[in-house]
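This is start.cif (mmCIF, C-alpha atoms).
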```
data_coords
#
loop_
_atom_site.group_PDB
_atom_site.id
_atom_site.type_symbol
_atom_site.label_atom_id
_atom_site.label_comp_id
_atom_site.auth_asym_id
_atom_site.auth_seq_id
_atom_site.Cartn_x
_atom_site.Cartn_y
_atom_site.Cartn_z
ATOM 1 C CA MET A 1 0.000 0.000 0.000
ATOM 2 C CA ASP A 2 1.442 3.425 -0.926
ATOM 3 C CA LYS A 3 1.380 6.697 1.028
ATOM 4 C CA ASN A 4 -2.079 7.527 -0.312
ATOM 5 C CA GLY A 5 -3.489 4.293 1.042
ATOM 6 C CA HIS A 6 -3.833 2.830 -2.451
ATOM 7 C CA ALA A 7 -3.034 -0.786 -3.136
ATOM 8 C CA GLY A 8 -3.231 -0.637 -6.936
ATOM 9 C CA ASN A 9 -0.442 -1.077 -9.448
ATOM 10 C CA TYR A 10 0.815 2.053 -11.143
ATOM 11 C CA TYR A 11 1.333 2.163 -14.915
ATOM 12 C CA GLU A 12 5.038 1.301 -14.541
ATOM 13 C CA ASP A 13 4.288 -1.714 -12.330
ATOM 14 C CA TRP A 14 2.481 -3.766 -14.981
ATOM 15 C CA GLN A 15 4.708 -6.302 -16.771
ATOM 16 C CA LEU A 16 4.131 -8.796 -19.567
ATOM 17 C CA GLY A 17 2.902 -12.030 -18.053
ATOM 18 C CA ASP A 18 1.061 -10.364 -15.146
ATOM 19 C CA GLU A 19 -2.232 -12.116 -14.499
ATOM 20 C CA TYR A 20 -5.053 -12.017 -12.005
ATOM 21 C CA VAL A 21 -7.861 -14.327 -10.931
ATOM 22 C CA SER A 22 -10.863 -13.059 -8.999
ATOM 23 C CA MET A 23 -13.081 -14.583 -6.345
ATOM 24 C CA GLY A 24 -16.244 -16.334 -7.503
ATOM 25 C CA ARG A 25 -19.730 -14.846 -7.286
ATOM 26 C CA THR A 26 -22.924 -16.838 -7.450
ATOM 27 C CA LEU A 27 -25.518 -15.173 -9.592
ATOM 28 C CA THR A 28 -29.017 -14.918 -8.100
ATOM 29 C CA THR A 29 -32.458 -14.019 -9.351
ATOM 30 C CA THR A 30 -32.193 -11.017 -7.009
ATOM 31 C CA ASP A 31 -29.208 -9.770 -9.020
ATOM 32 C CA ILE A 32 -31.248 -10.118 -12.206
ATOM 33 C CA GLU A 33 -34.313 -8.401 -10.720
ATOM 34 C CA THR A 34 -32.315 -5.541 -9.243
ATOM 35 C CA TYR A 35 -30.480 -4.916 -12.495
ATOM 36 C CA THR A 36 -33.502 -5.126 -14.779
ATOM 37 C CA ASN A 37 -35.550 -2.850 -12.512
ATOM 38 C CA TYR A 38 -32.888 -0.143 -12.369
ATOM 39 C CA MET A 39 -31.954 -0.280 -16.039
ATOM 40 C CA GLY A 40 -35.555 -0.442 -17.211
ATOM 41 C CA ASP A 41 -34.667 -3.549 -19.177
ATOM 42 C CA TYR A 42 -37.776 -5.727 -18.897
ATOM 43 C CA ASN A 43 -36.988 -8.156 -21.684
ATOM 44 C CA PRO A 44 -39.024 -11.275 -20.781
ATOM 45 C CA LEU A 45 -35.965 -13.470 -21.324
ATOM 46 C CA TYR A 46 -34.615 -11.908 -18.109
ATOM 47 C CA THR A 47 -37.840 -11.225 -16.224
ATOM 48 C CA ASP A 48 -40.568 -13.718 -17.166
ATOM 49 C CA GLU A 49 -39.881 -17.311 -16.111
ATOM 50 C CA GLU A 50 -42.931 -18.703 -17.955
ATOM 51 C CA PHE A 51 -41.766 -17.057 -21.176
ATOM 52 C CA ALA A 52 -38.133 -17.986 -20.652
ATOM 53 C CA LYS A 53 -39.022 -21.675 -19.989
ATOM 54 C CA ARG A 54 -40.202 -21.986 -23.588
ATOM 55 C CA GLU A 55 -37.124 -20.266 -25.033
ATOM 56 C CA MET A 56 -33.614 -21.414 -25.910
ATOM 57 C CA TYR A 57 -32.132 -21.568 -22.404
ATOM 58 C CA GLY A 58 -35.111 -23.049 -20.572
ATOM 59 C CA THR A 59 -35.072 -20.461 -17.805
ATOM 60 C CA ARG A 60 -34.444 -16.767 -17.119
ATOM 61 C CA ILE A 61 -30.864 -15.760 -17.852
ATOM 62 C CA ALA A 62 -28.778 -12.906 -16.564
ATOM 63 C CA PRO A 63 -28.591 -9.825 -18.781
ATOM 64 C CA GLU A 64 -25.231 -9.913 -20.466
ATOM 65 C CA LEU A 65 -24.225 -6.444 -19.311
ATOM 66 C CA LEU A 66 -25.050 -7.438 -15.721
ATOM 67 C CA ILE A 67 -22.484 -10.219 -16.036
ATOM 68 C CA HIS A 68 -19.995 -7.748 -17.450
ATOM 69 C CA ALA A 69 -20.671 -5.358 -14.563
ATOM 70 C CA ILE A 70 -20.141 -8.135 -12.005
ATOM 71 C CA SER A 71 -16.893 -9.043 -13.742
ATOM 72 C CA ILE A 72 -15.655 -5.462 -13.473
ATOM 73 C CA GLY A 73 -16.467 -5.598 -9.776
ATOM 74 C CA GLN A 74 -14.526 -8.839 -9.406
ATOM 75 C CA VAL A 75 -11.498 -7.251 -11.039
ATOM 76 C CA SER A 76 -11.809 -4.225 -8.771
ATOM 77 C CA GLN A 77 -11.851 -6.497 -5.747
ATOM 78 C CA THR A 78 -8.400 -7.869 -6.613
ATOM 79 C CA ARG A 79 -7.255 -4.354 -5.525
ATOM 80 C CA LEU A 80 -4.751 -4.294 -8.378
ATOM 81 C CA PHE A 81 -6.445 -1.174 -9.752
ATOM 82 C CA GLU A 82 -7.306 0.550 -6.504
ATOM 83 C CA GLY A 83 -6.637 4.268 -6.632
ATOM 84 C CA THR A 84 -4.705 3.991 -9.885
ATOM 85 C CA MET A 85 -7.459 3.243 -12.390
ATOM 86 C CA LEU A 86 -8.497 6.451 -14.158
ATOM 87 C CA GLY A 87 -11.320 5.284 -16.376
ATOM 88 C CA PHE A 88 -12.153 3.049 -19.293
ATOM 89 C CA VAL A 89 -10.903 4.153 -22.689
ATOM 90 C CA LYS A 90 -12.023 1.411 -25.049
ATOM 91 C CA VAL A 91 -13.580 -2.017 -24.665
ATOM 92 C CA GLY A 92 -14.517 -5.036 -26.792
ATOM 93 C CA ILE A 93 -16.710 -7.802 -25.388
ATOM 94 C CA ASP A 94 -17.863 -11.181 -26.744
ATOM 95 C CA PHE A 95 -20.586 -13.103 -24.945
ATOM 96 C CA VAL A 96 -20.146 -16.827 -25.437
ATOM 97 C CA ASN A 97 -22.508 -18.641 -23.031
ATOM 98 C CA PRO A 98 -25.370 -17.480 -20.808
ATOM 99 C CA VAL A 99 -25.334 -17.321 -17.027
ATOM 100 C CA LYS A 100 -28.341 -18.851 -15.255
ATOM 101 C CA PRO A 101 -29.414 -18.164 -11.654
ATOM 102 C CA GLY A 102 -27.346 -20.362 -9.342
ATOM 103 C CA ASP A 103 -24.275 -20.346 -11.615
ATOM 104 C CA THR A 104 -21.015 -19.148 -10.099
ATOM 105 C CA ILE A 105 -18.679 -17.021 -12.205
ATOM 106 C CA PHE A 106 -15.157 -15.683 -11.794
ATOM 107 C CA THR A 107 -12.893 -13.474 -13.900
ATOM 108 C CA LYS A 108 -9.335 -14.088 -14.934
ATOM 109 C CA GLY A 109 -7.283 -11.490 -16.738
ATOM 110 C CA LYS A 110 -3.921 -10.965 -18.324
ATOM 111 C CA PHE A 111 -1.892 -7.831 -18.976
ATOM 112 C CA VAL A 112 -1.312 -7.552 -22.751
ATOM 113 C CA GLU A 113 0.362 -4.247 -23.562
ATOM 114 C CA LYS A 114 0.805 -0.674 -22.431
ATOM 115 C CA LYS A 115 1.061 2.573 -24.351
ATOM 116 C CA GLU A 116 1.788 6.200 -23.655
ATOM 117 C CA THR A 117 -0.748 8.975 -24.176
ATOM 118 C CA VAL A 118 -0.708 12.746 -24.485
ATOM 119 C CA ARG A 119 -1.560 13.022 -20.767
ATOM 120 C CA LYS A 120 1.743 12.882 -18.854
ATOM 121 C CA GLN A 121 0.222 11.630 -15.602
ATOM 122 C CA GLN A 122 -1.282 8.437 -17.032
ATOM 123 C CA GLY A 123 -0.805 5.718 -19.608
ATOM 124 C CA ILE A 124 -3.123 3.175 -21.184
ATOM 125 C CA VAL A 125 -2.989 -0.509 -20.298
ATOM 126 C CA ASN A 126 -4.657 -3.265 -22.305
ATOM 127 C CA PHE A 127 -6.026 -6.310 -20.467
ATOM 128 C CA TYR A 128 -7.528 -9.483 -21.878
ATOM 129 C CA ALA A 129 -10.121 -11.015 -19.544
ATOM 130 C CA GLU A 130 -12.297 -14.134 -19.525
ATOM 131 C CA ILE A 131 -15.256 -14.969 -17.345
ATOM 132 C CA MET A 132 -15.632 -18.650 -16.519
ATOM 133 C CA ASN A 133 -18.425 -20.536 -14.774
ATOM 134 C CA GLN A 134 -18.259 -23.419 -12.305
ATOM 135 C CA ARG A 135 -18.334 -25.940 -15.164
ATOM 136 C CA GLY A 136 -15.231 -24.433 -16.762
ATOM 137 C CA GLU A 137 -17.261 -22.927 -19.624
ATOM 138 C CA ILE A 138 -16.292 -19.541 -21.015
ATOM 139 C CA ILE A 139 -19.017 -16.986 -20.458
ATOM 140 C CA MET A 140 -17.403 -13.860 -21.841
ATOM 141 C CA LYS A 141 -14.146 -12.655 -23.403
ATOM 142 C CA SER A 142 -13.058 -9.050 -23.422
ATOM 143 C CA ASN A 143 -10.271 -6.637 -24.192
ATOM 144 C CA GLN A 144 -10.208 -3.595 -21.974
ATOM 145 C CA PHE A 145 -8.082 -0.479 -22.520
ATOM 146 C CA ILE A 146 -7.853 1.355 -19.202
ATOM 147 C CA ALA A 147 -6.139 4.591 -18.167
ATOM 148 C CA ILE A 148 -3.718 3.983 -15.284
ATOM 149 C CA GLN A 149 -1.972 6.525 -13.077
ATOM 150 C CA LYS A 150 1.788 6.922 -13.366
ATOM 151 C CA LYS A 151 4.056 7.047 -10.309
ATOM 152 C CA ASN A 152 5.593 10.234 -8.920
ATOM 153 C CA VAL A 153 3.521 12.644 -10.945
ATOM 154 C CA MET B 1 -56.570 -11.557 -24.196
ATOM 155 C CA GLN B 2 -52.929 -12.668 -24.018
ATOM 156 C CA TYR B 3 -49.589 -10.864 -24.098
ATOM 157 C CA LYS B 4 -48.470 -10.443 -27.681
ATOM 158 C CA ILE B 5 -44.750 -10.251 -28.486
ATOM 159 C CA GLN B 6 -44.101 -6.648 -29.524
ATOM 160 C CA GLY B 7 -40.503 -6.881 -30.647
ATOM 161 C CA LYS B 8 -39.329 -6.648 -34.229
ATOM 162 C CA TYR B 9 -38.234 -9.898 -35.824
ATOM 163 C CA PHE B 10 -35.029 -10.298 -37.845
ATOM 164 C CA GLU B 11 -36.955 -9.848 -41.110
ATOM 165 C CA ASP B 12 -38.414 -6.535 -39.922
ATOM 166 C CA TRP B 13 -35.055 -4.743 -39.707
ATOM 167 C CA LYS B 14 -33.303 -3.160 -42.732
ATOM 168 C CA VAL B 15 -29.717 -1.937 -42.997
ATOM 169 C CA GLY B 16 -29.868 1.814 -42.498
ATOM 170 C CA ASP B 17 -32.891 1.740 -40.157
ATOM 171 C CA LYS B 18 -32.467 4.344 -37.436
ATOM 172 C CA PHE B 19 -34.076 5.114 -34.118
ATOM 173 C CA GLU B 20 -33.507 7.177 -30.990
ATOM 174 C CA THR B 21 -34.319 6.152 -27.453
ATOM 175 C CA SER B 22 -35.958 8.329 -24.837
ATOM 176 C CA ARG B 23 -33.762 10.434 -22.531
ATOM 177 C CA ARG B 24 -32.673 9.641 -18.981
ATOM 178 C CA THR B 25 -30.857 11.759 -16.427
ATOM 179 C CA ILE B 26 -28.010 9.965 -14.660
ATOM 180 C CA THR B 27 -28.254 10.608 -10.935
ATOM 181 C CA GLU B 28 -26.081 10.043 -7.913
ATOM 182 C CA ALA B 29 -28.529 7.352 -6.804
ATOM 183 C CA ASP B 30 -27.923 5.485 -10.083
ATOM 184 C CA ALA B 31 -24.166 5.822 -9.623
ATOM 185 C CA VAL B 32 -24.183 4.519 -6.057
ATOM 186 C CA PHE B 33 -26.533 1.692 -7.000
ATOM 187 C CA PHE B 34 -24.223 0.527 -9.778
ATOM 188 C CA VAL B 35 -21.164 0.543 -7.522
ATOM 189 C CA GLY B 36 -23.069 -1.684 -5.113
ATOM 190 C CA LEU B 37 -24.456 -4.082 -7.707
ATOM 191 C CA SER B 38 -21.219 -4.481 -9.663
ATOM 192 C CA GLY B 39 -18.920 -4.440 -6.660
ATOM 193 C CA ASP B 40 -16.581 -1.972 -8.399
ATOM 194 C CA TYR B 41 -15.678 0.324 -5.531
ATOM 195 C CA ASN B 42 -12.836 1.996 -7.346
ATOM 196 C CA LEU B 43 -12.053 5.419 -5.931
ATOM 197 C CA LEU B 44 -12.881 7.288 -9.127
ATOM 198 C CA TYR B 45 -16.519 6.392 -8.502
ATOM 199 C CA THR B 46 -16.670 6.358 -4.707
ATOM 200 C CA ASN B 47 -14.158 8.788 -3.169
ATOM 201 C CA GLU B 48 -14.684 12.505 -3.807
ATOM 202 C CA GLU B 49 -11.337 13.542 -2.237
ATOM 203 C CA PHE B 50 -9.507 11.199 -4.594
ATOM 204 C CA ALA B 51 -11.612 12.072 -7.635
ATOM 205 C CA LYS B 52 -11.097 15.844 -7.092
ATOM 206 C CA ARG B 53 -7.390 15.365 -7.894
ATOM 207 C CA THR B 54 -8.031 13.552 -11.190
ATOM 208 C CA VAL B 55 -8.735 15.101 -14.603
ATOM 209 C CA PHE B 56 -12.447 14.624 -13.919
ATOM 210 C CA GLY B 57 -12.432 16.896 -10.864
ATOM 211 C CA THR B 58 -15.169 14.900 -9.149
ATOM 212 C CA ARG B 59 -16.585 11.383 -8.809
ATOM 213 C CA ILE B 60 -18.010 10.138 -12.082
ATOM 214 C CA PRO B 61 -20.856 7.722 -12.706
ATOM 215 C CA HIS B 62 -19.403 4.361 -13.714
ATOM 216 C CA GLU B 63 -18.899 4.217 -17.490
ATOM 217 C CA PHE B 64 -20.728 0.909 -17.569
ATOM 218 C CA LEU B 65 -23.635 2.320 -15.590
ATOM 219 C CA VAL B 66 -24.164 4.711 -18.489
ATOM 220 C CA TYR B 67 -23.614 1.935 -21.001
ATOM 221 C CA SER B 68 -26.091 -0.394 -19.262
ATOM 222 C CA ILE B 69 -28.676 2.386 -18.976
ATOM 223 C CA SER B 70 -28.368 2.922 -22.724
ATOM 224 C CA SER B 71 -29.072 -0.774 -23.224
ATOM 225 C CA GLY B 72 -32.147 -0.428 -21.012
ATOM 226 C CA LEU B 73 -33.263 2.630 -23.012
ATOM 227 C CA MET B 74 -32.905 0.627 -26.228
ATOM 228 C CA ASN B 75 -35.079 -2.119 -24.792
ATOM 229 C CA THR B 76 -37.808 0.257 -23.652
ATOM 230 C CA THR B 77 -38.403 1.098 -27.299
ATOM 231 C CA THR B 78 -40.057 -2.401 -27.326
ATOM 232 C CA TYR B 79 -38.241 -3.207 -30.576
ATOM 233 C CA PHE B 80 -36.524 -6.142 -28.831
ATOM 234 C CA ASP B 81 -39.377 -7.336 -26.625
ATOM 235 C CA GLY B 82 -39.586 -11.121 -26.803
ATOM 236 C CA THR B 83 -37.444 -11.240 -29.960
ATOM 237 C CA LEU B 84 -33.973 -10.648 -28.523
ATOM 238 C CA ILE B 85 -32.271 -13.987 -27.967
ATOM 239 C CA SER B 86 -29.036 -12.623 -26.583
ATOM 240 C CA GLN B 87 -26.458 -9.895 -26.928
ATOM 241 C CA LYS B 88 -23.560 -11.372 -28.861
ATOM 242 C CA SER B 89 -20.889 -8.708 -28.715
ATOM 243 C CA HIS B 90 -19.988 -5.079 -28.052
ATOM 244 C CA LYS B 91 -17.084 -3.947 -30.230
ATOM 245 C CA ASN B 92 -14.946 -0.835 -30.492
ATOM 246 C CA VAL B 93 -16.780 0.751 -27.583
ATOM 247 C CA GLU B 94 -14.998 4.052 -27.043
ATOM 248 C CA PHE B 95 -15.485 6.334 -24.078
ATOM 249 C CA ALA B 96 -14.978 9.636 -25.859
ATOM 250 C CA GLU B 97 -16.485 12.156 -23.426
ATOM 251 C CA THR B 98 -17.215 11.733 -19.752
ATOM 252 C CA VAL B 99 -20.809 11.501 -18.583
ATOM 253 C CA PHE B 100 -21.116 13.379 -15.300
ATOM 254 C CA ASN B 101 -23.690 13.239 -12.528
ATOM 255 C CA GLU B 102 -26.999 14.908 -13.585
ATOM 256 C CA ASP B 103 -26.186 14.646 -17.308
ATOM 257 C CA THR B 104 -29.071 13.516 -19.494
ATOM 258 C CA ILE B 105 -28.324 10.897 -22.128
ATOM 259 C CA TYR B 106 -30.005 9.013 -24.941
ATOM 260 C CA ALA B 107 -28.927 6.476 -27.550
ATOM 261 C CA LYS B 108 -28.956 7.084 -31.298
ATOM 262 C CA VAL B 109 -29.006 3.735 -33.083
ATOM 263 C CA LYS B 110 -28.521 2.650 -36.687
ATOM 264 C CA VAL B 111 -28.612 -0.817 -38.269
ATOM 265 C CA LEU B 112 -25.172 -1.463 -39.788
ATOM 266 C CA GLU B 113 -25.387 -5.095 -40.853
ATOM 267 C CA LYS B 114 -27.731 -8.054 -41.023
ATOM 268 C CA ASN B 115 -26.218 -11.559 -40.972
ATOM 269 C CA ASP B 116 -28.563 -14.415 -41.808
ATOM 270 C CA MET B 117 -26.222 -16.992 -40.245
ATOM 271 C CA GLY B 118 -27.962 -19.796 -42.164
ATOM 272 C CA LYS B 119 -30.059 -20.724 -39.119
ATOM 273 C CA PRO B 120 -33.831 -21.172 -39.280
ATOM 274 C CA ASP B 121 -34.667 -19.515 -35.988
ATOM 275 C CA LEU B 122 -32.309 -16.549 -35.561
ATOM 276 C CA GLY B 123 -30.067 -14.015 -37.246
ATOM 277 C CA GLU B 124 -27.524 -11.421 -36.172
ATOM 278 C CA ILE B 125 -28.035 -7.678 -36.390
ATOM 279 C CA VAL B 126 -25.174 -5.261 -35.831
ATOM 280 C CA PHE B 127 -26.117 -1.808 -34.554
ATOM 281 C CA ASP B 128 -24.056 1.353 -34.433
ATOM 282 C CA VAL B 129 -24.881 2.999 -31.110
ATOM 283 C CA GLU B 130 -23.995 6.524 -30.010
ATOM 284 C CA ILE B 131 -24.734 7.676 -26.486
ATOM 285 C CA ILE B 132 -25.283 11.418 -26.561
ATOM 286 C CA ASN B 133 -25.549 13.960 -23.720
ATOM 287 C CA GLN B 134 -27.697 17.067 -23.353
ATOM 288 C CA LYS B 135 -25.031 19.161 -25.120
ATOM 289 C CA GLY B 136 -25.216 16.924 -28.192
ATOM 290 C CA GLU B 137 -21.754 15.446 -27.518
ATOM 291 C CA VAL B 138 -21.174 11.801 -28.394
ATOM 292 C CA CYS B 139 -19.983 10.384 -25.093
ATOM 293 C CA ILE B 140 -19.799 6.687 -25.872
ATOM 294 C CA LYS B 141 -19.853 5.086 -29.290
ATOM 295 C CA GLY B 142 -19.493 1.577 -30.577
ATOM 296 C CA ASN B 143 -21.109 -1.361 -32.288
ATOM 297 C CA ARG B 144 -23.259 -3.976 -30.692
ATOM 298 C CA SER B 145 -24.430 -7.242 -32.179
ATOM 299 C CA TYR B 146 -27.723 -8.833 -31.128
ATOM 300 C CA LEU B 147 -29.106 -12.294 -31.970
ATOM 301 C CA ILE B 148 -32.712 -11.716 -33.013
ATOM 302 C CA LYS B 149 -35.493 -14.252 -33.632
ATOM 303 C CA LYS B 150 -36.675 -14.967 -37.134
ATOM 304 C CA ARG B 151 -40.400 -14.876 -37.745
ATOM 305 C CA LYS B 152 -40.398 -17.732 -40.254
ATOM 306 C CA GLN B 153 -39.224 -20.733 -38.252
ATOM 307 C CA THR B 154 -38.896 -24.141 -39.912
ATOM 308 C CA GLY B 155 -38.975 -27.556 -38.263
#
```
Would you mind writing the file out in structure tokens?
Amino acid sequence: MDKNGHAGNYYEDWQLGDEYVSMGRTLTTTDIETYTNYMGDYNPLYTDEEFAKREMYGTRIAPELLIHAISIGQVSQTRLFEGTMLGFVKVGIDFVNPVKPGDTIFTKGKFVEKKETVRKQQGIVNFYAEIMNQRGEIIMKSNQFIAIQKKNV
Amino acid sequence: MQYKIQGKYFEDWKVGDKFETSRRTITEADAVFFVGLSGDYNLLYTNEEFAKRTVFGTRIPHEFLVYSISSGLMNTTTYFDGTLISQKSHKNVEFAETVFNEDTIYAKVKVLEKNDMGKPDLGEIVFDVEIINQKGEVCIKGNRSYLIKKRKQTG
């Protein structure tokens, strides 16, 4: 932990080969309800069990962006970005498999590359991340370009 | 009388089709909610003393709160009601301008591509989505690909 009480890696600290793995989180119908209510996203695939039973997955599934949000939280909880993360710059996400209530997901990520920007106090770091479920299936793949604080600025 | 699926089927969309969603003001309550639900307690979103010293000058609503709200706004158009199978991908999503607390945003959407995929029950539609604030600035832009039901189903 540095003098500001931050645990996160600075831009200079990230090296090729650095990886992280998060804790798991079990997805609940409460998560789905809370998300769909707040986002106003009442698609019956997420909110209507009778409808969803007759559809492709046989039950309500989690909205994809809810899963992505949970994944971001899992990464944050590794504390590797605490106090040094200065915002998302660019992101690409592929959703591969759905998450059903009761599934447990975790995120693993890998540092890919870093690059300088016009702002002297930060640089951009590219991470590749995958979300996996308890059966070892890939749920989501993403590339995230994130602005990271530099040291001693 | 029974609920009738309102969403547009794959066949109903044409490349070049455009629509705009309604507008929503991003509030501090939304921002705090999203931190709690996602579990992303990063200081940029939660610690005003920290955030004051960044280029933003203050806490900002989570970028993915804004992005998720835009997805919700797209779904309240009812164009995807009962016909969206899943979101397949979000590509080249760029966070061009910051959305701040109390900004009002909407999504401007255009159909870029239709891919039949050779399947009887679904096809892929790629949308260009711009999230625009009350000043007319494009804050977030990118493509998103949805798997949409086909009306004519064989088998």
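If only C-alpha atoms are the atoms counted, then among A:Leu65, A:Ile105, A:Ala52, A:Ile146 the closest residue to Lys90 in chain A is A:Ile146.
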**OP:** Could you list the residues in chain A lying within 9 Å of chain B, using all atoms listed in the file, and format the result as an MDAnalysis selection string?
**Re:** chainID A and resid 31 34:36 38:45 51 55:56 63:77 79 81:96 98
**OP:** Mind giving me the straight-line distance from CA of Thr104 in chain A to CA of Ala62 in chain A in Å, one decimal?
**Re:**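 Those two atoms sit 11.9 Å apart.
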**OP:** Work out how far apart CA of Glu19 in chain A and CA of Phe145 in chain A are and give it in Å to one decimal.
**Re:**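 Atom-to-atom, CA of Glu19 in chain A and CA of Phe145 in chain A are spaced 15.3 Å apart.
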**OP:** Would you work out the distance separating CA of Glu102 in chain B from CA of Arg53 in chain B, expressed in Å to one decimal?
**Re:**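 Answer for the CA of Glu102 in chain B to CA of Arg53 in chain B separation: 20.4 Å.
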Please tell me which residues are no farther than 7 Å from (-29.1, 10.0, -27.3) in the file, counting only C-alpha atoms, and write them as a short mmCIF file (atom, residue, chain, number, x, y, z; two decimals) with C-alpha atoms, in the frame of the given file.
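What ended up in selection.cif:
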```cif
data_model
loop_
_atom_site.label_atom_id
_atom_site.label_comp_id
_atom_site.auth_asym_id
_atom_site.auth_seq_id
_atom_site.Cartn_x
_atom_site.Cartn_y
_atom_site.Cartn_z
CA GLU B 20 -33.51 7.18 -30.99
CA THR B 21 -34.32 6.15 -27.45
CA ARG B 23 -33.76 10.43 -22.53
CA ILE B 105 -28.32 10.90 -22.13
CA TYR B 106 -30.00 9.01 -24.94
CA ALA B 107 -28.93 6.48 -27.55
CA LYS B 108 -28.96 7.08 -31.30
CA GLU B 130 -24.00 6.52 -30.01
CA ILE B 131 -24.73 7.68 -26.49
CA ILE B 132 -25.28 11.42 -26.56
CA ASN B 133 -25.55 13.96 -23.72
#
```
Using all atoms listed in the file, which protein or nucleic acid residues come within 8 Å of Ala129 in chain A? Drop anything in the same chain fewer than 3 positions from it, and give the result as a compact mmCIF listing (two decimals) with C-alpha atoms, in the frame of the given file.
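part08.txt, written as the output of this step:
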```txt
# COMPACT_ATOMS: atom_id res chain seq x y z
CA THR A 107 -12.89 -13.47 -13.90
CA LYS A 108 -9.34 -14.09 -14.93
CA GLY A 109 -7.28 -11.49 -16.74
CA LYS A 110 -3.92 -10.96 -18.32
CA LYS A 141 -14.15 -12.66 -23.40
CA SER A 142 -13.06 -9.05 -23.42
CA ASN A 143 -10.27 -6.64 -24.19
CA GLN A 144 -10.21 -3.60 -21.97
```
**OP:** Using the chain letters and residue numbers of this document, give as a PyMOL selection string the residues selected by the PyMOL selection byres ((chain A and resi 114) around 10).
**Re:** chain A and resi 11-12+14-16+111-113+115-117+123-127+145-148
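Among the candidates B:Gly16, B:Phe10, B:Asn115, B:Val109, the residue lying nearest to Phe127 in chain B is B:Val109 (atoms considered: all atoms listed in the file).
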**OP:** Name the residues that the PyMOL selection byres ((chain A and resi 122) around 6) pulls out of this structure, and write them as a ChimeraX atom specification.
**Re:** /A:119-121,123,148-150
Subject >> Exercise: Phe106 in chain A partners within 7 Å, only C-alpha atoms, chain neighbours under 5 positions left out, as number ranges by chain >> reply: A: 22-25, 131-133
Write out, as a compact mmCIF listing (two decimals), in the coordinates of the input, the residues just selected, with C-alpha atoms.
```
# COMPACT_ATOMS: atom_id res chain seq x y z
CA SER A 22 -10.86 -13.06 -9.00
CA MET A 23 -13.08 -14.58 -6.34
CA GLY A 24 -16.24 -16.33 -7.50
CA ARG A 25 -19.73 -14.85 -7.29
CA ILE A 131 -15.26 -14.97 -17.34
CA MET A 132 -15.63 -18.65 -16.52
CA ASN A 133 -18.42 -20.54 -14.77
```
Can you tell me, as AutoDock Vina command-line options, the centre and edge lengths (Å, one decimal) of the axis-aligned box enclosing all of range 80-95 of chain A's listed atoms after padding each side by 4 Å?
```
--center_x -12.6 --center_y -3.3 --center_z -16.6 --size_x 23.9 --size_y 27.6 --size_z 28.3
```
**OP:** Kindly resolve the PyMOL selection byres ((chain B and resi 116) around 12) on the present coordinates and return the residues as a VMD selection string.
**Re:** chain B and resid 10 to 11 13 113 to 115 117 to 126 147 to 150
Could you take the residues named above and write them with C-alpha atoms, as a tab-separated table (two decimals), in the coordinates of the input?
```tsv
chain	number	residue	atom	x	y	z
B	10	PHE	CA	-35.03	-10.30	-37.84
B	11	GLU	CA	-36.96	-9.85	-41.11
B	13	TRP	CA	-35.06	-4.74	-39.71
B	113	GLU	CA	-25.39	-5.10	-40.85
B	114	LYS	CA	-27.73	-8.05	-41.02
B	115	ASN	CA	-26.22	-11.56	-40.97
B	117	MET	CA	-26.22	-16.99	-40.24
B	118	GLY	CA	-27.96	-19.80	-42.16
B	119	LYS	CA	-30.06	-20.72	-39.12
B	120	PRO	CA	-33.83	-21.17	-39.28
B	121	ASP	CA	-34.67	-19.52	-35.99
B	122	LEU	CA	-32.31	-16.55	-35.56
B	123	GLY	CA	-30.07	-14.02	-37.25
B	124	GLU	CA	-27.52	-11.42	-36.17
B	125	ILE	CA	-28.04	-7.68	-36.39
B	126	VAL	CA	-25.17	-5.26	-35.83
B	147	LEU	CA	-29.11	-12.29	-31.97
B	148	ILE	CA	-32.71	-11.72	-33.01
B	149	LYS	CA	-35.49	-14.25	-33.63
B	150	LYS	CA	-36.67	-14.97	-37.13
```
